>>> print(open('structure-v6.cif').read())   # mmCIF, C-alpha atoms
data_entry
#
loop_
_atom_site.label_atom_id
_atom_site.label_comp_id
_atom_site.auth_asym_id
_atom_site.auth_seq_id
_atom_site.Cartn_x
_atom_site.Cartn_y
_atom_site.Cartn_z
CA MET A 1405 10.67 8.12 19.44
CA GLN A 1406 14.41 7.55 19.34
CA ILE A 1407 16.37 5.79 16.59
CA ALA A 1408 17.17 2.99 19.04
CA GLU A 1409 13.46 2.39 19.60
CA LEU A 1410 12.86 2.18 15.85
CA GLN A 1411 15.71 -0.31 15.59
CA GLN A 1412 14.09 -2.43 18.31
CA LEU A 1413 10.86 -2.43 16.31
CA GLN A 1414 12.79 -3.53 13.22
CA GLU A 1415 14.34 -6.40 15.17
CA TRP A 1416 10.89 -7.38 16.47
CA PHE A 1417 9.50 -7.30 12.93
CA GLY A 1418 12.12 -9.74 11.66
CA SER A 1419 11.44 -12.11 14.54
CA TYR A 1420 7.68 -11.83 14.10
CA VAL A 1421 7.78 -12.63 10.39
CA ALA A 1422 9.99 -15.64 11.15
CA THR A 1423 7.12 -17.18 13.15
CA PHE A 1424 5.28 -17.67 9.85
CA GLY A 1425 8.11 -19.75 8.41
CA ASP A 1426 6.18 -23.00 8.85
CA LEU A 1427 3.88 -22.30 5.89
CA ASP A 1428 3.99 -24.23 2.63
CA PRO A 1429 6.06 -22.87 -0.31
CA GLU A 1430 3.16 -20.89 -1.79
CA GLY A 1431 2.39 -19.39 1.61
CA LEU A 1432 6.02 -18.47 2.17
CA ARG A 1433 6.12 -16.60 -1.16
CA ASN A 1434 3.19 -14.50 -0.02
CA ILE A 1435 4.65 -13.89 3.44
CA ARG A 1436 8.00 -12.87 1.95
CA LEU A 1437 6.16 -10.60 -0.47
CA LYS A 1438 4.66 -8.68 2.46
CA GLN A 1439 7.93 -8.68 4.36
CA ASP A 1440 9.71 -7.20 1.36
CA HIS A 1441 6.84 -4.77 0.77
CA THR A 1442 7.10 -3.50 4.33
CA GLN A 1443 10.83 -2.86 4.10
CA ARG A 1444 10.39 -1.07 0.79
CA VAL A 1445 7.56 1.07 2.17
CA VAL A 1446 9.98 2.13 4.91
CA ALA A 1447 12.46 3.10 2.18
CA CYS A 1448 9.73 5.01 0.33
CA MET A 1449 8.87 6.77 3.58
CA GLU A 1450 12.48 7.80 4.04
CA ALA A 1451 12.47 9.28 0.54
CA LEU A 1452 9.20 11.14 1.19
CA ALA A 1453 10.47 12.43 4.52
CA ALA A 1454 13.63 13.76 2.91
CA GLY A 1455 11.75 15.31 0.00
CA GLU A 1456 9.14 16.95 2.22
CA GLY A 1457 11.62 18.28 4.76
CA LEU A 1458 10.60 16.28 7.82
CA THR A 1459 12.75 16.62 10.91
CA ASP A 1460 14.80 13.66 12.15
CA ALA A 1461 12.23 13.02 14.89
CA GLU A 1462 9.33 13.15 12.44
CA THR A 1463 11.17 10.84 10.04
CA THR A 1464 11.70 8.27 12.79
CA LEU A 1465 8.00 8.32 13.67
CA ALA A 1466 7.01 8.09 10.00
CA CYS A 1467 9.28 5.08 9.50
CA ALA A 1468 7.72 3.37 12.53
CA VAL A 1469 4.29 3.86 10.94
CA ALA A 1470 5.62 2.38 7.69
CA LEU A 1471 7.14 -0.61 9.48
CA LEU A 1472 3.91 -1.42 11.33
CA HIS A 1473 1.25 -0.47 8.79
CA ASP A 1474 0.82 -4.00 7.41
CA VAL A 1475 1.77 -6.28 10.32
CA GLY A 1476 -1.82 -7.55 10.30
CA ARG A 1477 -1.24 -9.01 6.84
CA PHE A 1478 0.71 -11.93 8.30
CA PRO A 1479 -1.98 -13.35 10.62
CA GLN A 1480 -4.54 -12.43 7.93
CA TYR A 1481 -2.81 -14.66 5.40
CA ARG A 1482 -2.22 -17.51 7.85
CA ARG A 1483 -5.90 -17.64 8.80
CA TRP A 1484 -7.62 -16.87 5.48
CA ARG A 1485 -4.93 -17.45 2.82
CA THR A 1486 -5.76 -14.12 1.18
CA PHE A 1487 -4.85 -10.44 1.35
CA ARG A 1488 -8.35 -9.42 0.27
CA ASP A 1489 -9.99 -7.73 3.24
CA SER A 1490 -13.54 -8.34 2.00
CA GLU A 1491 -12.92 -12.09 2.20
CA SER A 1492 -11.18 -11.99 5.58
CA ASP A 1493 -10.85 -8.97 7.89
CA ASN A 1494 -9.70 -5.36 7.67
CA HIS A 1495 -5.91 -5.67 7.64
CA ALA A 1496 -5.49 -2.23 9.25
CA ARG A 1497 -7.60 -3.36 12.19
CA LEU A 1498 -5.59 -6.57 12.39
CA SER A 1499 -2.36 -4.54 12.35
CA LEU A 1500 -3.57 -2.46 15.27
CA GLU A 1501 -4.48 -5.67 17.09
CA VAL A 1502 -0.93 -7.02 16.63
CA ILE A 1503 0.58 -3.73 17.82
CA ARG A 1504 -1.47 -3.83 21.00
CA ASP A 1505 -1.16 -7.57 21.66
CA GLU A 1506 2.62 -7.33 21.31
CA ALA A 1507 2.77 -4.11 23.40
CA LEU A 1508 5.06 -2.61 20.77
CA LEU A 1509 4.55 1.02 21.69
CA GLN A 1510 4.25 0.90 25.47
CA CYS A 1511 7.57 2.68 26.07
CA LEU A 1512 6.62 5.67 23.91
CA PRO A 1513 4.88 8.86 25.07
CA ALA A 1514 1.10 8.62 24.84
CA GLU A 1515 0.86 11.14 22.00
CA GLU A 1516 3.33 9.15 19.88
CA GLN A 1517 1.50 5.90 20.58
CA LEU A 1518 -1.78 7.50 19.48
CA LEU A 1519 -0.23 8.99 16.33
CA ILE A 1520 1.25 5.69 15.18
CA GLU A 1521 -1.90 3.72 15.98
CA GLU A 1522 -4.17 6.20 14.21
CA ALA A 1523 -1.97 6.32 11.11
CA VAL A 1524 -1.94 2.52 10.91
CA ARG A 1525 -5.68 2.24 11.58
CA LEU A 1526 -6.67 4.73 8.89
CA HIS A 1527 -4.03 4.11 6.23
CA ASN A 1528 -6.24 1.95 3.98
CA LEU A 1529 -9.48 3.95 3.96
CA LEU A 1530 -10.89 4.87 0.57
CA THR A 1531 -11.23 8.47 1.75
CA LEU A 1532 -10.02 10.07 4.96
CA PRO A 1533 -12.38 11.51 7.60
CA ASP A 1534 -12.65 15.29 7.61
CA ARG A 1535 -11.83 15.56 11.28
CA ILE A 1536 -8.29 14.30 11.88
CA SER A 1537 -6.14 16.34 14.22
CA SER A 1538 -2.77 17.61 13.07
CA PRO A 1539 -0.04 16.34 13.07
CA THR A 1540 -1.69 12.89 12.77
CA ASP A 1541 -3.19 13.88 9.44
CA ARG A 1542 0.25 14.42 7.90
CA PHE A 1543 1.49 10.98 8.94
CA ILE A 1544 -1.64 9.25 7.64
CA ARG A 1545 -1.13 10.93 4.28
CA LEU A 1546 2.55 10.00 4.27
CA ILE A 1547 1.87 6.30 4.81
CA ARG A 1548 -0.89 6.29 2.20
CA ASP A 1549 1.52 7.70 -0.39
CA ALA A 1550 4.47 5.49 0.62
CA ASP A 1551 2.24 2.41 0.50
CA LYS A 1552 1.00 3.24 -3.00
CA LEU A 1553 4.51 3.84 -4.29
CA ASP A 1554 5.54 0.31 -3.43
CA ILE A 1555 2.27 -1.40 -4.39
CA TRP A 1556 2.81 -0.13 -7.94
CA ARG A 1557 6.25 -1.74 -7.88
CA VAL A 1558 4.91 -5.01 -6.45
CA PHE A 1559 2.27 -5.27 -9.16
CA LEU A 1560 4.69 -4.56 -12.01
CA ASP A 1561 7.22 -7.06 -10.66
CA TYR A 1562 4.42 -9.65 -10.46
CA PHE A 1563 3.87 -9.53 -14.22
CA GLN A 1564 7.57 -9.86 -14.98
CA LEU A 1565 7.96 -13.11 -13.05
CA PRO A 1566 7.27 -16.57 -14.46
CA GLU A 1567 3.83 -17.69 -13.33
CA GLU A 1568 5.23 -20.41 -11.07
CA GLU A 1569 7.31 -17.82 -9.16
CA ARG A 1570 4.54 -15.30 -8.58
CA ALA A 1571 3.16 -14.66 -5.11
CA SER A 1572 -0.38 -15.88 -5.68
CA ALA A 1573 -2.10 -13.36 -3.39
CA VAL A 1574 -0.90 -10.27 -5.29
CA GLY A 1575 -3.85 -10.28 -7.69
CA LEU A 1576 -6.37 -10.70 -4.84
CA GLY A 1577 -7.88 -13.66 -6.66
CA PHE A 1578 -9.16 -11.65 -9.62
CA PRO A 1579 -9.34 -13.68 -12.86
CA ASP A 1580 -6.84 -12.54 -15.50
CA LEU A 1581 -9.26 -12.01 -18.38
CA PRO A 1582 -8.83 -9.73 -21.45
CA GLU A 1583 -11.55 -7.28 -20.45
CA VAL A 1584 -12.42 -4.44 -18.08
CA THR A 1585 -15.59 -3.78 -16.10
CA PRO A 1586 -17.45 -0.73 -17.49
CA ALA A 1587 -18.01 0.82 -14.04
CA CYS A 1588 -14.26 0.76 -13.32
CA LEU A 1589 -13.37 2.30 -16.65
CA GLU A 1590 -16.08 4.95 -16.26
CA ALA A 1591 -14.75 5.92 -12.84
CA LEU A 1592 -11.19 6.31 -14.12
CA ALA A 1593 -12.37 8.25 -17.17
CA ALA A 1594 -14.26 10.62 -14.84
CA GLY A 1595 -11.15 11.29 -12.77
CA GLU A 1596 -12.45 9.31 -9.81
CA ILE A 1597 -10.97 6.60 -7.61
CA VAL A 1598 -11.98 3.12 -8.77
CA ARG A 1599 -13.54 1.26 -5.85
CA LEU A 1600 -12.31 -2.24 -5.11
CA GLU A 1601 -15.86 -3.56 -4.78
CA GLN A 1602 -16.46 -2.54 -8.40
CA ALA A 1603 -13.58 -4.69 -9.66
CA ARG A 1604 -14.34 -8.05 -11.24
CA VAL A 1605 -11.17 -8.92 -13.18
CA LEU A 1606 -7.44 -8.26 -12.84
CA ASN A 1607 -7.52 -5.44 -15.38
CA ASP A 1608 -9.98 -3.61 -13.11
CA PHE A 1609 -7.41 -3.80 -10.32
CA LYS A 1610 -4.92 -2.16 -12.68
CA LEU A 1611 -7.40 0.64 -13.40
CA LEU A 1612 -7.87 1.05 -9.66
CA GLN A 1613 -4.12 1.49 -9.15
CA ILE A 1614 -3.91 4.01 -11.98
CA SER A 1615 -6.77 5.95 -10.36
CA TRP A 1616 -4.62 6.44 -7.24
CA VAL A 1617 -3.15 9.39 -9.13
CA TYR A 1618 -6.21 11.27 -7.86
CA ASP A 1619 -5.40 10.46 -4.24
CA LEU A 1620 -1.77 11.53 -3.81
CA ASN A 1621 -0.77 14.02 -1.15
CA PHE A 1622 2.81 15.14 -1.68
CA THR A 1623 4.93 16.68 -4.41
CA THR A 1624 7.70 14.16 -3.70
CA THR A 1625 5.30 11.26 -4.30
CA ARG A 1626 4.35 12.60 -7.70
CA ARG A 1627 7.98 13.19 -8.61
CA LEU A 1628 8.95 9.63 -7.64
CA LEU A 1629 5.96 8.22 -9.53
CA LEU A 1630 7.05 10.03 -12.68
CA GLU A 1631 10.71 9.09 -12.26
CA ARG A 1632 9.85 5.41 -11.85
CA ASP A 1633 7.42 5.47 -14.78
CA TYR A 1634 4.96 3.22 -12.98
CA LEU A 1635 1.79 4.53 -14.63
CA ARG A 1636 2.97 4.12 -18.21
CA ARG A 1637 4.33 0.65 -17.46
CA LEU A 1638 1.11 -0.43 -15.76
CA ALA A 1639 -1.04 0.97 -18.56
CA ALA A 1640 1.03 -1.00 -21.08
CA THR A 1641 -0.33 -4.24 -19.56
CA LEU A 1642 -3.97 -3.23 -20.25
CA PRO A 1643 -5.95 -4.21 -23.38
CA ALA A 1644 -5.53 -1.89 -26.37
CA SER A 1645 -8.64 0.26 -26.46
CA PRO A 1646 -9.30 3.94 -27.28
CA LEU A 1647 -11.58 4.24 -24.24
CA ILE A 1648 -8.94 2.83 -21.92
CA GLN A 1649 -6.26 4.99 -23.50
CA ARG A 1650 -8.31 8.16 -22.99
CA ALA A 1651 -8.93 7.34 -19.35
CA VAL A 1652 -5.23 6.63 -18.79
CA ASP A 1653 -4.25 9.81 -20.64
CA ARG A 1654 -6.49 11.84 -18.34
CA ALA A 1655 -4.82 10.30 -15.28
CA MET A 1656 -1.35 10.96 -16.68
CA SER A 1657 -2.30 14.53 -17.59
CA SER A 1658 -3.55 15.08 -14.05
CA LEU A 1659 -0.29 13.76 -12.62
CA LEU A 1660 1.79 16.03 -14.86
CA THR A 1661 -0.35 19.06 -14.06
CA GLN A 1662 -0.13 18.46 -10.31
CA SER A 1663 3.62 18.01 -10.70
CA GLY A 1664 3.90 21.37 -12.45
CA GLN A 1665 4.86 19.86 -15.79
CA PRO A 1666 3.31 20.75 -19.16
#
>>> encode(input="structure-v6.cif", output="structure tokens")
Amino acid sequence: MQIAELQQLQEWFGSYVATFGDLDPEGLRNIRLKQDHTQRVVACMEALAAGEGLTDAETTLACAVALLHDVGRFPQYRRWRTFRDSESDNHARLSLEVIRDEALLQCLPAEEQLLIEEAVRLHNLLTLPDRISSPTDRFIRLIRDADKLDIWRVFLDYFQLPEEERASAVGLGFPDLPEVTPACLEALAAGEIVRLEQARVLNDFKLLQISWVYDLNFTTTRRLLLERDYLRRLAATLPASPLIQRAVDRAMSSLLTQSGQP
């Protein structure tokens, strides 16, 4: 993939998002949220590529994956008014559908088309299959990390905005109650990924995002997470509880250890 081809995809993306401009104000906030998220995931991908020493050609491919990873979110929201896959459809599958319907990759070599499509299709799995051929595996792991880096930012920004300015779909419809679900807290305390189907309230979704510490793939990701202080800031929005604090402390300790810090 050449830089010019990536630029054409970026131009297409802007035009595609514009076709959703007929939604109501609440809908537009959610569409703009995903548009902004996509552009920031591309920026995160550029930072990961630089930190991990990708070649220029690899960086261009990785940025194309980042640009296209969530294009299915736009038709998902128009049809179902949610970003929650369990109440609509798998957004990765929808993204692949858009890529193919729009023939976005037809000018690329077959191996590059397959790499981009596979990375998009698998980017949101809870765990990755054991059998993924290299170099596809590397790009899937890159987009999973880049995506997480910006989702943390999105969620923290959400809480800083006045309620009337928040994009309503960010919280996936979870009620904002002063509690946590025991199964979610137990998973985090055990050093495990919190599963979305376990979540019942918004605080559970926060625990889930903190548990992503156990599913990061690159040294650069961990460095950026520490520099941006996302975990501490997210934990500060949780209820004060010794059990919650211990679970968060374990996650933070794991991050520091994996980053080579005491």
>>> atom_distance(input="structure-v6.cif", atom1="CA of Phe1417 (chain A)", atom2="CA of His1527 (chain A)")
18.9 Å
>>> residues_near_point(input="structure-v6.cif", point="(0.1, -11.3, -2.5)", cutoff="12 Å", atoms="only C-alpha atoms", output="tab-separated table (two decimals) with C-alpha atoms, in the frame of the given file")
chain	number	residue	atom	x	y	z
A	1430	GLU	CA	3.16	-20.89	-1.79
A	1431	GLY	CA	2.39	-19.39	1.61
A	1432	LEU	CA	6.02	-18.47	2.17
A	1433	ARG	CA	6.12	-16.60	-1.16
A	1434	ASN	CA	3.19	-14.50	-0.02
A	1435	ILE	CA	4.65	-13.89	3.44
A	1436	ARG	CA	8.00	-12.87	1.95
A	1437	LEU	CA	6.16	-10.60	-0.47
A	1438	LYS	CA	4.66	-8.68	2.46
A	1439	GLN	CA	7.93	-8.68	4.36
A	1440	ASP	CA	9.71	-7.20	1.36
A	1441	HIS	CA	6.84	-4.77	0.77
A	1477	ARG	CA	-1.24	-9.01	6.84
A	1478	PHE	CA	0.71	-11.93	8.30
A	1480	GLN	CA	-4.54	-12.43	7.93
A	1481	TYR	CA	-2.81	-14.66	5.40
A	1485	ARG	CA	-4.93	-17.45	2.82
A	1486	THR	CA	-5.76	-14.12	1.18
A	1487	PHE	CA	-4.85	-10.44	1.35
A	1488	ARG	CA	-8.35	-9.42	0.27
A	1555	ILE	CA	2.27	-1.40	-4.39
A	1558	VAL	CA	4.91	-5.01	-6.45
A	1559	PHE	CA	2.27	-5.27	-9.16
A	1561	ASP	CA	7.22	-7.06	-10.66
A	1562	TYR	CA	4.42	-9.65	-10.46
A	1569	GLU	CA	7.31	-17.82	-9.16
A	1570	ARG	CA	4.54	-15.30	-8.58
A	1571	ALA	CA	3.16	-14.66	-5.11
A	1572	SER	CA	-0.38	-15.88	-5.68
A	1573	ALA	CA	-2.10	-13.36	-3.39
A	1574	VAL	CA	-0.90	-10.27	-5.29
A	1575	GLY	CA	-3.85	-10.28	-7.69
A	1576	LEU	CA	-6.37	-10.70	-4.84
A	1577	GLY	CA	-7.88	-13.66	-6.66
A	1578	PHE	CA	-9.16	-11.65	-9.62
>>> resolve_selection(input="structure-v6.cif", expression="the PyMOL selection byres ((chain A and resi 1622-1632) around 8)", output="list of chain:residue names")
A:Leu1452, A:Gly1455, A:Glu1456, A:Leu1546, A:Asp1549, A:Ala1550, A:Leu1553, A:Leu1620, A:Asn1621, A:Asp1633, A:Tyr1634, A:Leu1635, A:Leu1659, A:Gln1662, A:Ser1663
>>> atom_distance(input="structure-v6.cif", atom1="CA of Ala1466 (chain A)", atom2="CA of Pro1479 (chain A)")
23.3 Å
>>> atom_distance(input="structure-v6.cif", atom1="CA of Leu1410 (chain A)", atom2="CA of Leu1526 (chain A)")
20.9 Å
>>> decode(input="structure-v6.cif", residues="region 1462-1501 of chain A", atoms="N, CA and C atoms", output="compact mmCIF listing (two decimals), in the first residue's frame")
# COMPACT_ATOMS: atom_id res chain seq x y z
N GLU A 1462 4.93 -0.89 6.48
CA GLU A 1462 4.13 -1.50 7.54
C GLU A 1462 3.27 -0.46 8.25
N THR A 1463 3.82 0.72 8.46
CA THR A 1463 3.07 1.80 9.13
C THR A 1463 1.86 2.20 8.30
N THR A 1464 2.04 2.29 6.99
CA THR A 1464 0.93 2.66 6.11
C THR A 1464 -0.18 1.62 6.18
N LEU A 1465 0.18 0.35 6.15
CA LEU A 1465 -0.82 -0.72 6.27
C LEU A 1465 -1.52 -0.67 7.62
N ALA A 1466 -0.74 -0.47 8.68
CA ALA A 1466 -1.31 -0.41 10.03
C ALA A 1466 -2.29 0.74 10.16
N CYS A 1467 -1.96 1.87 9.56
CA CYS A 1467 -2.86 3.04 9.61
C CYS A 1467 -4.14 2.79 8.81
N ALA A 1468 -4.04 2.03 7.72
CA ALA A 1468 -5.25 1.67 6.97
C ALA A 1468 -6.17 0.79 7.82
N VAL A 1469 -5.58 -0.15 8.55
CA VAL A 1469 -6.37 -0.98 9.47
C VAL A 1469 -7.06 -0.10 10.50
N ALA A 1470 -6.32 0.84 11.07
CA ALA A 1470 -6.89 1.73 12.09
C ALA A 1470 -8.03 2.56 11.51
N LEU A 1471 -7.86 3.06 10.30
CA LEU A 1471 -8.88 3.89 9.68
C LEU A 1471 -10.17 3.12 9.44
N LEU A 1472 -10.04 1.83 9.12
CA LEU A 1472 -11.21 1.05 8.71
C LEU A 1472 -11.78 0.16 9.81
N HIS A 1473 -11.12 0.09 10.96
CA HIS A 1473 -11.52 -0.92 11.94
C HIS A 1473 -12.93 -0.73 12.47
N ASP A 1474 -13.43 0.49 12.47
CA ASP A 1474 -14.76 0.76 13.06
C ASP A 1474 -15.75 1.34 12.06
N VAL A 1475 -15.52 1.18 10.76
CA VAL A 1475 -16.45 1.79 9.79
C VAL A 1475 -17.85 1.19 9.91
N GLY A 1476 -17.94 -0.02 10.46
CA GLY A 1476 -19.26 -0.62 10.66
C GLY A 1476 -20.06 0.03 11.77
N ARG A 1477 -19.40 0.83 12.59
CA ARG A 1477 -20.11 1.52 13.69
C ARG A 1477 -21.16 2.49 13.15
N PHE A 1478 -20.92 3.07 12.00
CA PHE A 1478 -21.83 4.10 11.49
C PHE A 1478 -23.16 3.50 11.03
N PRO A 1479 -23.16 2.49 10.17
CA PRO A 1479 -24.46 1.86 9.86
C PRO A 1479 -25.06 1.15 11.07
N GLN A 1480 -24.22 0.65 11.98
CA GLN A 1480 -24.73 0.03 13.21
C GLN A 1480 -25.57 1.04 13.99
N TYR A 1481 -25.04 2.25 14.17
CA TYR A 1481 -25.76 3.24 14.96
C TYR A 1481 -27.02 3.71 14.23
N ARG A 1482 -26.91 3.91 12.91
CA ARG A 1482 -28.10 4.37 12.19
C ARG A 1482 -29.25 3.37 12.33
N ARG A 1483 -28.94 2.09 12.23
CA ARG A 1483 -30.00 1.08 12.25
C ARG A 1483 -30.50 0.78 13.65
N TRP A 1484 -29.57 0.69 14.64
CA TRP A 1484 -29.98 0.21 15.97
C TRP A 1484 -29.86 1.26 17.07
N ARG A 1485 -29.26 2.40 16.77
CA ARG A 1485 -29.09 3.48 17.74
C ARG A 1485 -28.30 3.02 18.97
N THR A 1486 -27.34 2.17 18.77
CA THR A 1486 -26.48 1.70 19.85
C THR A 1486 -25.14 1.28 19.28
N PHE A 1487 -24.12 1.27 20.14
CA PHE A 1487 -22.82 0.70 19.79
C PHE A 1487 -22.60 -0.62 20.53
N ARG A 1488 -23.64 -1.15 21.11
CA ARG A 1488 -23.52 -2.41 21.85
C ARG A 1488 -23.83 -3.57 20.91
N ASP A 1489 -22.81 -4.36 20.61
CA ASP A 1489 -22.95 -5.41 19.61
C ASP A 1489 -24.02 -6.43 19.98
N SER A 1490 -24.14 -6.73 21.28
CA SER A 1490 -25.10 -7.75 21.70
C SER A 1490 -26.55 -7.33 21.45
N GLU A 1491 -26.78 -6.05 21.25
CA GLU A 1491 -28.12 -5.54 20.99
C GLU A 1491 -28.30 -5.15 19.52
N SER A 1492 -27.30 -5.44 18.70
CA SER A 1492 -27.37 -5.08 17.29
C SER A 1492 -26.69 -6.14 16.45
N ASP A 1493 -25.44 -5.90 16.06
CA ASP A 1493 -24.67 -6.86 15.27
C ASP A 1493 -23.19 -6.61 15.56
N ASN A 1494 -22.38 -7.61 15.30
CA ASN A 1494 -20.94 -7.51 15.51
C ASN A 1494 -20.37 -6.39 14.64
N HIS A 1495 -19.86 -5.34 15.27
CA HIS A 1495 -19.42 -4.18 14.48
C HIS A 1495 -18.21 -4.50 13.62
N ALA A 1496 -17.40 -5.49 14.00
CA ALA A 1496 -16.27 -5.88 13.15
C ALA A 1496 -16.78 -6.53 11.86
N ARG A 1497 -17.81 -7.35 11.99
CA ARG A 1497 -18.40 -7.95 10.79
C ARG A 1497 -19.03 -6.88 9.91
N LEU A 1498 -19.69 -5.92 10.53
CA LEU A 1498 -20.28 -4.82 9.77
C LEU A 1498 -19.20 -3.99 9.08
N SER A 1499 -18.06 -3.80 9.74
CA SER A 1499 -16.97 -3.05 9.12
C SER A 1499 -16.45 -3.77 7.89
N LEU A 1500 -16.30 -5.08 7.99
CA LEU A 1500 -15.85 -5.86 6.84
C LEU A 1500 -16.86 -5.77 5.70
N GLU A 1501 -18.12 -5.75 6.05
CA GLU A 1501 -19.19 -5.63 5.05
C GLU A 1501 -19.08 -4.30 4.30
